[in-house]
>>> print(open('work.csv').read())   # CSV, C-alpha atoms
chain,number,residue,atom,x,y,z
A,1,ASN,CA,11.1,-35.8,-17.8
A,2,LYS,CA,12.6,-37.5,-20.9
A,3,ILE,CA,15.4,-34.9,-21.0
A,4,ILE,CA,16.1,-35.6,-17.3
A,5,GLN,CA,16.3,-39.3,-18.0
A,6,GLU,CA,18.7,-38.7,-20.8
A,7,ASN,CA,20.9,-36.7,-18.5
A,8,ASN,CA,21.1,-33.8,-20.9
A,9,ASN,CA,21.8,-30.8,-18.6
A,10,GLN,CA,22.4,-28.3,-21.4
A,11,LEU,CA,19.0,-29.0,-23.0
A,12,LEU,CA,17.3,-29.1,-19.6
A,13,ALA,CA,18.6,-25.7,-18.7
A,14,GLN,CA,17.4,-24.3,-22.1
A,15,CYS,CA,14.0,-25.8,-21.7
A,16,LEU,CA,13.7,-24.5,-18.1
A,17,ASN,CA,14.7,-21.0,-19.1
A,18,SER,CA,12.1,-21.2,-21.9
A,19,PHE,CA,9.4,-22.3,-19.6
A,20,ILE,CA,10.1,-19.6,-17.1
A,21,MET,CA,10.3,-16.9,-19.9
A,22,PHE,CA,7.0,-18.1,-21.4
A,23,SER,CA,5.3,-18.1,-18.0
A,24,ASN,CA,6.5,-14.6,-17.2
A,25,GLN,CA,6.2,-12.8,-20.5
A,26,LYS,CA,3.3,-14.6,-22.3
A,27,LEU,CA,1.2,-15.8,-19.5
A,28,LYS,CA,2.2,-13.2,-16.9
A,29,ASP,CA,2.1,-16.0,-14.3
A,30,ALA,CA,4.9,-15.6,-11.8
A,31,ASN,CA,3.6,-18.5,-9.7
A,32,LEU,CA,3.8,-20.9,-12.6
A,33,ALA,CA,7.4,-19.7,-13.3
A,34,ILE,CA,8.3,-20.3,-9.7
A,35,LYS,CA,6.7,-23.8,-9.9
A,36,TYR,CA,8.8,-24.7,-12.9
A,37,PHE,CA,12.0,-23.4,-11.3
A,38,ARG,CA,11.4,-25.3,-8.0
A,39,LYS,CA,10.7,-28.5,-9.8
A,40,PHE,CA,13.4,-28.7,-12.4
A,41,ASN,CA,16.4,-26.5,-11.3
A,42,PRO,CA,17.6,-29.0,-8.7
A,43,TYR,CA,18.1,-31.6,-11.6
A,44,LEU,CA,20.9,-29.4,-12.9
A,45,ILE,CA,23.1,-30.3,-9.9
A,46,LYS,CA,25.2,-33.4,-10.6
A,47,ASP,CA,26.8,-35.6,-8.0
A,48,GLY,CA,25.9,-33.1,-5.3
A,49,ASN,CA,28.0,-30.3,-6.9
A,50,VAL,CA,26.8,-27.1,-8.4
A,51,ASN,CA,28.0,-26.2,-11.9
A,52,GLU,CA,27.9,-23.3,-14.3
A,53,LEU,CA,24.5,-24.3,-15.8
A,54,TRP,CA,22.9,-24.4,-12.3
A,55,VAL,CA,24.4,-21.1,-11.3
A,56,THR,CA,23.4,-19.3,-14.5
A,57,SER,CA,19.9,-20.7,-14.4
A,58,PHE,CA,19.5,-19.7,-10.7
A,59,LEU,CA,20.8,-16.1,-11.2
A,60,LYS,CA,18.7,-15.5,-14.3
A,61,PHE,CA,15.6,-16.8,-12.5
A,62,LEU,CA,16.1,-14.3,-9.6
A,63,LEU,CA,16.3,-11.5,-12.2
A,64,SER,CA,13.2,-12.7,-14.1
A,65,SER,CA,9.8,-10.9,-14.0
A,66,CYS,CA,6.5,-10.5,-15.7
A,67,CYS,CA,7.6,-6.9,-16.7
A,68,ASP,CA,8.3,-5.7,-20.2
A,69,CYS,CA,8.2,-2.0,-19.3
A,70,LYS,CA,10.6,0.3,-21.2
A,71,LYS,CA,11.0,2.2,-18.0
A,72,THR,CA,12.6,-0.8,-16.4
A,73,GLN,CA,14.5,-1.8,-19.5
A,74,TYR,CA,16.2,1.5,-19.9
A,75,ASN,CA,16.6,2.2,-16.1
A,76,ILE,CA,14.4,5.3,-16.3
A,77,SER,CA,12.4,4.4,-13.3
A,78,GLU,CA,11.0,1.4,-11.4
A,79,CYS,CA,7.6,0.1,-12.2
A,80,ASN,CA,4.8,-1.8,-10.4
A,81,CYS,CA,4.9,-5.0,-12.5
A,82,ILE,CA,5.2,-8.4,-10.9
A,83,LYS,CA,8.8,-9.4,-10.3
A,84,THR,CA,9.1,-13.2,-10.2
A,85,GLY,CA,12.6,-13.3,-8.7
A,86,GLU,CA,11.7,-10.8,-6.0
A,87,MET,CA,8.7,-12.9,-5.0
A,88,TYR,CA,11.0,-15.9,-4.7
A,89,ILE,CA,13.6,-14.0,-2.6
A,90,ILE,CA,11.0,-12.8,-0.2
A,91,ASP,CA,9.4,-16.2,0.2
A,92,GLU,CA,12.6,-18.3,0.2
A,93,GLY,CA,15.1,-15.9,1.8
A,94,GLU,CA,17.2,-18.5,3.6
A,95,GLU,CA,17.4,-20.8,0.6
A,96,VAL,CA,18.4,-17.9,-1.7
A,97,LYS,CA,21.1,-16.8,0.8
A,98,ASN,CA,22.6,-20.3,0.8
A,99,SER,CA,22.4,-20.6,-3.0
A,100,LEU,CA,24.1,-17.3,-3.4
A,101,ILE,CA,27.0,-18.4,-1.2
A,102,LEU,CA,27.3,-21.6,-3.3
A,103,SER,CA,27.2,-19.6,-6.5
A,104,LYS,CA,29.9,-17.2,-5.3
A,105,ASP,CA,32.1,-20.0,-4.2
A,106,TYR,CA,31.7,-21.8,-7.5
A,107,LEU,CA,32.4,-18.7,-9.6
A,108,SER,CA,35.6,-17.9,-7.6
A,109,LYS,CA,37.0,-21.2,-8.9
A,110,ILE,CA,36.3,-20.6,-12.6
A,111,ILE,CA,36.7,-16.8,-13.1
A,112,GLU,CA,39.2,-14.3,-11.9
A,113,TYR,CA,37.7,-12.4,-9.0
A,114,SER,CA,39.0,-8.9,-9.9
A,115,THR,CA,37.7,-8.8,-13.5
A,116,LEU,CA,34.3,-8.8,-15.2
A,117,SER,CA,32.5,-11.5,-17.1
A,118,THR,CA,28.9,-12.1,-18.1
A,119,ILE,CA,28.2,-14.4,-15.2
A,120,SER,CA,29.9,-12.1,-12.6
A,121,ASN,CA,27.7,-9.3,-13.9
A,122,LEU,CA,24.7,-11.5,-13.3
A,123,LEU,CA,25.8,-12.2,-9.8
A,124,PHE,CA,26.3,-8.5,-9.1
A,125,ASP,CA,22.8,-7.7,-10.3
A,126,VAL,CA,21.3,-10.5,-8.2
A,127,ASN,CA,23.3,-9.5,-5.1
A,128,LYS,CA,22.0,-5.9,-5.5
A,129,LEU,CA,18.5,-7.2,-5.6
A,130,TYR,CA,19.0,-9.5,-2.7
A,131,PHE,CA,20.6,-7.0,-0.4
A,132,LYS,CA,18.1,-4.3,-1.3
A,133,LEU,CA,15.1,-6.6,-0.5
A,134,THR,CA,16.7,-7.8,2.7
A,135,LYS,CA,17.7,-4.2,3.6
A,136,ASN,CA,21.3,-5.1,4.1
A,137,TYR,CA,22.6,-1.7,2.9
A,138,LYS,CA,26.1,-2.1,4.3
A,139,GLU,CA,26.7,-5.1,2.1
A,140,LEU,CA,24.9,-3.4,-0.8
A,141,GLU,CA,27.2,-0.4,-0.8
A,142,SER,CA,30.2,-2.7,-0.5
A,143,ILE,CA,29.4,-4.7,-3.6
A,144,TYR,CA,29.0,-1.5,-5.6
A,145,ASP,CA,32.6,-0.5,-4.6
A,146,VAL,CA,33.9,-4.0,-5.5
A,147,HIS,CA,32.2,-3.9,-8.9
A,148,LYS,CA,33.6,-0.4,-9.5
A,149,GLU,CA,37.1,-1.7,-9.1
A,150,LYS,CA,36.4,-4.6,-11.4
A,151,ILE,CA,35.2,-2.2,-14.1
A,152,ILE,CA,38.4,-0.1,-13.7
A,153,LYS,CA,40.6,-3.2,-14.0
A,154,THR,CA,38.7,-4.6,-16.9
A,155,TYR,CA,38.3,-1.4,-18.9
A,156,SER,CA,39.8,1.8,-17.3
A,157,LYS,CA,38.6,5.0,-15.7
A,158,ASN,CA,38.6,6.6,-19.1
A,159,HIS,CA,36.2,4.1,-20.6
A,160,HIS,CA,32.5,4.9,-21.2
A,161,GLU,CA,31.6,1.8,-19.2
A,162,TYR,CA,33.0,3.4,-16.1
A,163,GLU,CA,30.9,6.5,-16.5
A,164,LYS,CA,27.8,4.5,-17.2
A,165,PHE,CA,28.4,2.5,-14.0
A,166,LEU,CA,28.8,5.7,-11.9
A,167,VAL,CA,25.6,7.3,-13.3
A,168,ASN,CA,23.4,4.1,-13.2
A,169,SER,CA,24.7,3.3,-9.7
A,170,SER,CA,24.0,6.7,-8.4
A,171,ILE,CA,20.4,6.5,-9.7
A,172,GLU,CA,19.9,3.1,-8.1
A,173,LEU,CA,21.4,4.2,-4.7
A,174,GLU,CA,19.2,7.3,-4.7
A,175,ARG,CA,16.1,5.3,-5.2
A,176,ILE,CA,16.8,3.4,-2.0
A,177,ASN,CA,17.8,6.5,-0.1
A,178,ARG,CA,21.5,5.7,0.1
A,179,ASN,CA,22.1,9.3,-0.7
A,180,LYS,CA,25.6,9.8,0.7
A,181,LYS,CA,26.9,7.0,-1.5
A,182,ALA,CA,24.9,8.3,-4.5
A,183,ILE,CA,26.6,11.7,-4.1
A,184,VAL,CA,30.1,10.0,-4.1
A,185,TYR,CA,29.4,8.4,-7.5
A,186,ILE,CA,27.7,11.4,-9.1
A,187,LYS,CA,30.7,13.5,-8.1
A,188,GLU,CA,33.1,11.0,-9.6
A,189,SER,CA,31.1,11.1,-12.9
A,190,LEU,CA,31.2,14.9,-12.9
A,191,ASN,CA,35.0,14.8,-13.4
A,192,ARG,CA,34.5,13.0,-16.7
A,193,ILE,CA,32.2,15.4,-18.6
A,194,ASN,CA,32.6,18.8,-20.2
A,195,ASP,CA,29.1,19.3,-21.4
A,196,ASP,CA,27.3,22.0,-19.4
A,197,PHE,CA,23.8,20.5,-19.8
A,198,ARG,CA,24.9,17.2,-18.4
A,199,LYS,CA,26.9,18.9,-15.7
A,200,SER,CA,23.7,20.7,-14.7
A,201,GLN,CA,21.9,17.4,-14.4
A,202,ARG,CA,24.6,16.0,-12.2
A,203,TYR,CA,24.7,19.0,-9.9
A,204,LEU,CA,20.9,18.8,-9.6
A,205,ALA,CA,21.2,15.2,-8.6
A,206,ILE,CA,23.9,16.0,-6.0
A,207,ALA,CA,21.8,18.9,-4.6
A,208,LYS,CA,18.7,16.7,-4.3
A,209,ASN,CA,20.7,14.0,-2.4
A,210,TYR,CA,22.2,16.6,-0.1
A,211,ARG,CA,18.8,18.1,0.6
A,212,ILE,CA,17.4,14.6,1.5
A,213,GLU,CA,20.4,14.2,3.8
A,214,ASN,CA,19.5,17.6,5.4
A,215,ASN,CA,22.8,19.2,4.4
A,216,ILE,CA,21.2,22.4,3.2
A,217,SER,CA,24.3,24.5,2.7
A,218,PHE,CA,25.9,21.8,0.4
A,219,ALA,CA,22.5,21.4,-1.3
A,220,GLU,CA,22.3,25.1,-2.1
A,221,LYS,CA,25.9,25.3,-3.3
A,222,ASN,CA,25.3,22.5,-5.8
A,223,ILE,CA,21.9,23.7,-7.0
A,224,LEU,CA,23.4,27.1,-7.8
A,225,LYS,CA,26.1,25.3,-9.8
A,226,ALA,CA,23.3,23.4,-11.6
A,227,LEU,CA,21.6,26.7,-12.4
A,228,GLU,CA,24.8,28.2,-13.7
A,229,CYS,CA,25.6,25.2,-15.9
A,230,ALA,CA,22.1,25.2,-17.4
A,231,LYS,CA,22.4,28.9,-18.3
A,232,LYS,CA,25.8,28.3,-19.8
A,233,ALA,CA,24.3,25.5,-22.0
A,234,PHE,CA,21.6,27.9,-23.2
A,235,LYS,CA,24.3,30.5,-24.2
A,236,LEU,CA,25.8,27.9,-26.5
A,237,GLY,CA,22.4,27.2,-28.1
A,238,GLU,CA,19.1,28.7,-27.1
A,239,PRO,CA,16.0,26.4,-27.5
A,240,LYS,CA,13.7,27.4,-30.3
A,241,GLY,CA,11.2,30.1,-29.2
A,242,TRP,CA,13.4,31.2,-26.3
A,243,GLN,CA,16.1,33.8,-25.8
A,244,LEU,CA,18.6,34.3,-23.0
A,245,ILE,CA,18.2,38.0,-22.0
A,246,ASP,CA,20.2,39.4,-19.0
A,247,ASN,CA,21.0,35.8,-18.0
A,248,GLU,CA,17.3,34.8,-17.9
A,249,LEU,CA,15.6,32.5,-20.4
A,250,ILE,CA,12.7,34.4,-21.8
A,251,PRO,CA,9.9,33.0,-24.1
A,252,LEU,CA,9.5,34.7,-27.4
A,253,GLU,CA,6.6,32.6,-28.7
A,254,LYS,CA,3.0,32.3,-27.5
A,255,ASP,CA,2.6,28.8,-28.9
A,256,LYS,CA,3.6,26.4,-26.1
A,257,ASP,CA,4.1,23.5,-28.4
A,258,ILE,CA,6.9,25.6,-30.1
A,259,LEU,CA,8.3,26.6,-26.8
A,260,PHE,CA,8.4,23.2,-25.1
A,261,LEU,CA,8.3,20.4,-27.6
A,262,PHE,CA,10.4,18.8,-30.3
A,263,GLY,CA,9.8,15.8,-32.6
A,264,LYS,CA,6.7,14.8,-34.4
A,265,GLY,CA,3.6,12.7,-33.7
A,266,GLU,CA,4.1,10.0,-31.0
A,267,ARG,CA,7.8,11.0,-30.7
A,268,ARG,CA,7.0,14.5,-29.5
A,269,ARG,CA,8.8,15.2,-26.2
A,270,VAL,CA,9.5,18.1,-23.9
A,271,LYS,CA,12.9,19.7,-24.7
A,272,ALA,CA,15.4,18.2,-22.3
A,273,GLY,CA,17.1,21.5,-21.6
A,274,ILE,CA,13.8,23.2,-20.7
A,275,LYS,CA,12.6,20.3,-18.5
A,276,ASN,CA,15.9,20.2,-16.7
A,277,PHE,CA,15.7,24.0,-16.1
A,278,GLY,CA,12.3,23.6,-14.5
A,279,PHE,CA,13.5,20.8,-12.3
A,280,VAL,CA,16.6,22.9,-11.2
A,281,HIS,CA,14.4,25.9,-10.2
A,282,ARG,CA,12.0,23.5,-8.3
A,283,GLU,CA,14.9,21.9,-6.4
A,284,TYR,CA,16.2,25.4,-5.5
A,285,ALA,CA,12.7,26.3,-4.3
A,286,ARG,CA,12.6,23.3,-2.1
A,287,ILE,CA,16.0,24.1,-0.6
A,288,LEU,CA,15.0,27.7,0.0
A,289,ASN,CA,11.8,26.5,1.7
A,290,LEU,CA,13.9,24.4,4.1
A,291,LYS,CA,15.9,27.6,4.8
A,292,LYS,CA,12.6,29.3,5.6
A,293,ASP,CA,13.2,31.9,2.9
A,294,TYR,CA,9.6,31.6,1.8
A,295,VAL,CA,9.5,34.7,-0.4
A,296,LYS,CA,12.5,33.7,-2.5
A,297,SER,CA,11.3,30.1,-2.6
A,298,ASP,CA,8.0,31.2,-4.0
A,299,SER,CA,9.8,33.1,-6.7
A,300,SER,CA,11.8,30.0,-7.6
A,301,PHE,CA,8.6,27.9,-7.7
A,302,GLU,CA,7.2,30.4,-10.1
A,303,ASN,CA,10.3,29.9,-12.3
A,304,ALA,CA,9.9,26.2,-12.1
A,305,ILE,CA,6.3,26.3,-13.3
A,306,ARG,CA,7.3,28.7,-16.1
A,307,TYR,CA,9.5,26.0,-17.5
A,308,MET,CA,7.0,23.1,-17.3
A,309,TYR,CA,4.3,22.3,-19.8
A,310,GLU,CA,1.2,21.0,-18.1
A,311,LYS,CA,-0.1,19.3,-21.3
A,312,TYR,CA,2.9,17.0,-21.3
A,313,MET,CA,4.0,17.1,-17.7
A,314,TYR,CA,0.6,17.1,-15.9
A,315,VAL,CA,1.6,15.3,-12.7
A,316,GLN,CA,5.0,17.1,-12.3
A,317,TYR,CA,3.4,20.5,-13.1
A,318,ASN,CA,0.5,20.3,-10.7
A,319,TYR,CA,2.6,18.6,-7.9
A,320,THR,CA,4.9,21.6,-8.2
A,321,ILE,CA,2.0,24.0,-7.9
A,322,LEU,CA,0.9,22.1,-4.8
A,323,GLU,CA,4.4,22.5,-3.3
A,324,LYS,CA,4.3,26.2,-4.2
A,325,GLY,CA,0.9,26.6,-2.5
A,326,ILE,CA,2.3,25.0,0.7
A,327,ASN,CA,5.3,27.3,0.7
A,328,LEU,CA,3.1,30.3,-0.1
A,329,TYR,CA,1.1,29.8,3.1
A,330,TYR,CA,3.9,31.4,5.0
A,331,VAL,CA,3.8,34.5,2.7
A,332,ASP,CA,0.1,35.0,1.9
A,333,LYS,CA,-2.4,32.6,3.5
A,334,LYS,CA,-5.4,33.7,1.5
A,335,GLU,CA,-3.7,33.3,-1.8
A,336,SER,CA,-2.1,30.0,-0.7
A,337,LYS,CA,-5.5,28.4,0.0
A,338,LYS,CA,-6.7,29.3,-3.5
A,339,VAL,CA,-3.6,27.7,-5.1
A,340,LEU,CA,-3.9,24.6,-2.9
A,341,LYS,CA,-7.6,24.0,-3.6
A,342,ASN,CA,-6.9,24.1,-7.4
A,343,ALA,CA,-3.8,21.9,-7.2
A,344,ILE,CA,-5.7,19.3,-5.0
A,345,LYS,CA,-8.5,19.2,-7.6
A,346,LYS,CA,-6.1,18.7,-10.4
A,347,LEU,CA,-4.3,15.8,-8.6
A,348,LYS,CA,-7.4,13.7,-8.0
A,349,ASN,CA,-7.1,10.3,-9.6
A,350,THR,CA,-9.8,10.8,-12.1
A,351,ASN,CA,-8.1,13.8,-13.6
A,352,ILE,CA,-4.7,12.1,-14.4
A,353,PRO,CA,-4.0,11.6,-18.1
A,354,GLU,CA,-3.7,8.0,-19.1
A,355,ASN,CA,-0.1,8.3,-20.2
A,356,GLU,CA,0.9,9.6,-16.7
A,357,ILE,CA,-1.0,7.1,-14.5
A,358,ASP,CA,2.2,5.0,-13.9
A,359,LEU,CA,4.1,8.1,-12.8
A,360,TYR,CA,1.2,9.1,-10.6
A,361,ASN,CA,1.0,5.7,-9.0
A,362,ARG,CA,4.7,5.7,-8.2
A,363,SER,CA,4.5,9.1,-6.7
A,364,LYS,CA,1.2,8.6,-5.0
A,365,GLN,CA,2.5,8.4,-1.4
A,366,ASP,CA,4.4,11.7,-1.7
A,367,ILE,CA,1.4,13.3,-3.4
A,368,ASP,CA,-1.0,12.1,-0.8
A,369,ASN,CA,1.3,13.3,2.0
A,370,ARG,CA,1.5,16.7,0.4
A,371,ILE,CA,-2.3,16.9,-0.1
A,372,ASN,CA,-3.0,15.9,3.5
A,373,LEU,CA,-0.7,18.7,4.7
A,374,ALA,CA,-2.4,21.1,2.2
A,375,LEU,CA,-5.8,20.2,3.6
A,376,LYS,CA,-4.7,21.0,7.1
A,377,LEU,CA,-3.4,24.4,6.0
A,378,ILE,CA,-6.7,25.1,4.2
A,379,GLN,CA,-8.7,24.4,7.3
A,380,GLU,CA,-6.6,26.7,9.5
>>> encode(input="work.csv", output="structure tokens")
Amino acid sequence: NKIIQENNNQLLAQCLNSFIMFSNQKLKDANLAIKYFRKFNPYLIKDGNVNELWVTSFLKFLLSSCCDCKKTQYNISECNCIKTGEMYIIDEGEEVKNSLILSKDYLSKIIEYSTLSTISNLLFDVNKLYFKLTKNYKELESIYDVHKEKIIKTYSKNHHEYEKFLVNSSIELERINRNKKAIVYIKESLNRINDDFRKSQRYLAIAKNYRIENNISFAEKNILKALECAKKAFKLGEPKGWQLIDNELIPLEKDKDILFLFGKGERRRVKAGIKNFGFVHREYARILNLKKDYVKSDSSFENAIRYMYEKYMYVQYNYTILEKGINLYYVDKKESKKVLKNAIKKLKNTNIPENEIDLYNRSKQDIDNRINLALKLIQE
């Protein structure tokens, strides 16, 4: 209150941002952060006019959350933490809409529309969030394209920032089922890389999006390219414990840790090339299932499982076995039921390793849907 009386907007904005951050990160209290914002942010407006401090404070608040997950920080995946800004957008949709219009109008007067700045990047992130939550997907796709042009003008198509935008945007669009747009961006990013492993990942993403769009022929075309690129990458350097024989990756070791892992201690991870290879085979199996080529699909599911390590990929491994069992029903009903019963048992909540609970929770709806289908097949 003393700061308000002294008319020190700069200090007020700093204090407000500190209060919000403390409420979110230390107290994990989104409601308290919202209370602080509602009470003090209006004081940043002077003489009825918005200003840069008010706009910046407003935009940062809408992006604030109680989350400190590395998954969110590094754009690996979304988490289930409380998002303060999202709560506010949902509760105060009309107010947020009007404030975003004011922010955009103000920024158009102080920065060049066609280039990037810290504050225009903030507005882009907030608009993405707002249009996603309000399900205005037409506007959402539009702002991605506008931002892409800004990146090209500010940097160039040859700059790493452009590729980063294409990849991150395709991931974000895929998460909200804007698959056609995601495909466009992934394809653009493909033109910029020569590395076969990364190409395999991109073709896999394209195939997945085409499958979701029910364009099976294009999905199959791209998954075969993903498989080809993955094998090319192995020709340049086979993972330890494996050998490419007759264009097939064959294990030479019995020790699965040697076959699948790299690093030491807490930094041990599944080898990226092997993990990707498993995911490529699994996507191919899903596509073949949709083509009703159940025998070939079963073979591809077998390959996918071969390149997964249950100890470090428990949810993915057993979910893939569940998918295999459902497909196998159309080949061998008796064997299918055995596979399904085992997979359902493995995917019960109480059996999930602690380090995979977050992944399990995020995938739970899909897992439950598959389990319900499996239970019906078992009873037939």
>>> atom_distance(input="work.csv", atom1="atom CA of A:Gly241", atom2="atom CA of A:Asn355")
26.2 Å
>>> atom_distance(input="work.csv", atom1="atom CA of A:Ala33", atom2="atom CA of A:Leu102")
22.4 Å
>>> atom_distance(input="work.csv", atom1="atom CA of A:Leu62", atom2="atom CA of A:Ser142")
20.4 Å
>>> closest_residue(input="work.csv", among="A:Ala226, A:Leu377, A:Ile258, A:Cys67", to="A:Asp29", atoms="only C-alpha atoms")
A:Cys67
>>> residues_around(input="work.csv", residues="stretch 109-126 of chain A", least_positions_apart="2", cutoff="8 Å", atoms="only C-alpha atoms", output="number ranges by chain")
A: 56, 59-60, 62-63, 104-107, 128-130, 143, 147, 149-151, 153-154
>>> closest_residue(input="work.csv", among="A:Lys264, A:Arg370, A:Lys225, A:Lys240", to="A:Tyr319", atoms="all atoms listed in the file")
A:Arg370
>>> residues_around(input="work.csv", residues="A:Phe279", least_positions_apart="5", cutoff="12 Å", atoms="all atoms listed in the file", output="ChimeraX atom specification")
/A:200-201,203-205,207-208,223,226-227,230,272-274,284-286,300-309,313,316-317,319-320
>>> write_last_selection(input="work.csv", atoms="C-alpha atoms", output="mmCIF file, in the coordinates of the input")
data_model
loop_
_atom_site.group_PDB
_atom_site.id
_atom_site.type_symbol
_atom_site.label_atom_id
_atom_site.label_comp_id
_atom_site.auth_asym_id
_atom_site.auth_seq_id
_atom_site.Cartn_x
_atom_site.Cartn_y
_atom_site.Cartn_z
ATOM 1 C CA SER A 200 23.700 20.700 -14.700
ATOM 2 C CA GLN A 201 21.900 17.400 -14.400
ATOM 3 C CA TYR A 203 24.700 19.000 -9.900
ATOM 4 C CA LEU A 204 20.900 18.800 -9.600
ATOM 5 C CA ALA A 205 21.200 15.200 -8.600
ATOM 6 C CA ALA A 207 21.800 18.900 -4.600
ATOM 7 C CA LYS A 208 18.700 16.700 -4.300
ATOM 8 C CA ILE A 223 21.900 23.700 -7.000
ATOM 9 C CA ALA A 226 23.300 23.400 -11.600
ATOM 10 C CA LEU A 227 21.600 26.700 -12.400
ATOM 11 C CA ALA A 230 22.100 25.200 -17.400
ATOM 12 C CA ALA A 272 15.400 18.200 -22.300
ATOM 13 C CA GLY A 273 17.100 21.500 -21.600
ATOM 14 C CA ILE A 274 13.800 23.200 -20.700
ATOM 15 C CA TYR A 284 16.200 25.400 -5.500
ATOM 16 C CA ALA A 285 12.700 26.300 -4.300
ATOM 17 C CA ARG A 286 12.600 23.300 -2.100
ATOM 18 C CA SER A 300 11.800 30.000 -7.600
ATOM 19 C CA PHE A 301 8.600 27.900 -7.700
ATOM 20 C CA GLU A 302 7.200 30.400 -10.100
ATOM 21 C CA ASN A 303 10.300 29.900 -12.300
ATOM 22 C CA ALA A 304 9.900 26.200 -12.100
ATOM 23 C CA ILE A 305 6.300 26.300 -13.300
ATOM 24 C CA ARG A 306 7.300 28.700 -16.100
ATOM 25 C CA TYR A 307 9.500 26.000 -17.500
ATOM 26 C CA MET A 308 7.000 23.100 -17.300
ATOM 27 C CA TYR A 309 4.300 22.300 -19.800
ATOM 28 C CA MET A 313 4.000 17.100 -17.700
ATOM 29 C CA GLN A 316 5.000 17.100 -12.300
ATOM 30 C CA TYR A 317 3.400 20.500 -13.100
ATOM 31 C CA TYR A 319 2.600 18.600 -7.900
ATOM 32 C CA THR A 320 4.900 21.600 -8.200
#
>>> closest_residue(input="work.csv", among="A:Cys69, A:Asp298, A:Gly265, A:Ser103", to="A:Asn49", atoms="all atoms listed in the file")
A:Ser103
>>> residues_around(input="work.csv", residues="A:Lys83", least_positions_apart="6", cutoff="7 Å", atoms="only C-alpha atoms", output="JSON, numbers by chain")
{"A": [64, 65, 66, 67]}
>>> closest_residue(input="work.csv", among="A:Asn247, A:Gln379, A:Asn369, A:Ser299", to="A:Lys337", atoms="all atoms listed in the file")
A:Gln379
>>> residues_around(input="work.csv", residues="A:Arg362", least_positions_apart="3", cutoff="8 Å", atoms="only C-alpha atoms", output="list in words")
Cys79, Asn80, Asp358, Leu359 and Gln365 of chain A
>>> write_last_selection(input="work.csv", atoms="C-alpha atoms", output="PDB file, in the frame of the given file")
ATOM      1  CA  CYS A  79       7.600   0.100 -12.200  1.00  0.00           C
ATOM      2  CA  ASN A  80       4.800  -1.800 -10.400  1.00  0.00           C
ATOM      3  CA  ASP A 358       2.200   5.000 -13.900  1.00  0.00           C
ATOM      4  CA  LEU A 359       4.100   8.100 -12.800  1.00  0.00           C
ATOM      5  CA  GLN A 365       2.500   8.400  -1.400  1.00  0.00           C
TER       6      GLN A 365
END
>>> closest_residue(input="work.csv", among="A:Asn276, A:Glu253, A:Leu16, A:Arg202", to="A:Lys35", atoms="only C-alpha atoms")
A:Leu16
>>> residues_near_point(input="work.csv", point="(26.0, 25.7, -23.4)", cutoff="12 Å", atoms="all atoms listed in the file", output="list in words")
Asn194, Asp195, Asp196, Phe197, Arg198, Lys199, Ser200, Leu227, Glu228, Cys229, Ala230, Lys231, Lys232, Ala233, Phe234, Lys235, Leu236, Gly237, Glu238, Pro239, Leu244 and Gly273 of chain A
>>> residues_around(input="work.csv", residues="A:Leu288", least_positions_apart="2", cutoff="12 Å", atoms="all atoms listed in the file", output="list in words")
Arg211, Ile216, Ser217, Ala219, Glu220, Lys221, Ile223, Leu224, His281, Arg282, Glu283, Tyr284, Ala285, Arg286, Leu290, Lys291, Lys292, Asp293, Tyr294, Val295, Lys296, Ser297, Asp298, Ser299, Ser300, Phe301, Lys324 and Asn327 of chain A
>>> decode(input="work.csv", residues="stretch 24-30 of chain A", atoms="N, CA, C and O atoms", output="compact mmCIF listing (two decimals), in the first residue's frame")
# COMPACT_ATOMS: atom_id res chain seq x y z
N ASN A 24 2.93 -19.24 -5.89
CA ASN A 24 2.91 -20.40 -6.79
C ASN A 24 3.96 -21.43 -6.42
O ASN A 24 3.66 -22.61 -6.23
N GLN A 25 5.22 -20.99 -6.33
CA GLN A 25 6.33 -21.93 -6.22
C GLN A 25 6.61 -22.40 -4.79
O GLN A 25 6.93 -23.58 -4.59
N LYS A 26 6.50 -21.52 -3.83
CA LYS A 26 6.80 -21.90 -2.44
C LYS A 26 5.58 -22.44 -1.71
O LYS A 26 5.64 -23.47 -1.04
N LEU A 27 4.46 -21.71 -1.83
CA LEU A 27 3.25 -22.12 -1.11
C LEU A 27 2.36 -23.07 -1.91
O LEU A 27 1.49 -23.72 -1.35
N LYS A 28 2.60 -23.13 -3.22
CA LYS A 28 1.76 -23.94 -4.13
C LYS A 28 0.29 -23.57 -3.96
O LYS A 28 -0.60 -24.43 -3.96
N ASP A 29 0.04 -22.27 -3.84
CA ASP A 29 -1.32 -21.77 -3.59
C ASP A 29 -1.73 -20.87 -4.76
O ASP A 29 -1.49 -19.66 -4.75
N ALA A 30 -2.39 -21.45 -5.75
CA ALA A 30 -2.81 -20.69 -6.93
C ALA A 30 -3.85 -19.64 -6.58
O ALA A 30 -3.84 -18.53 -7.14
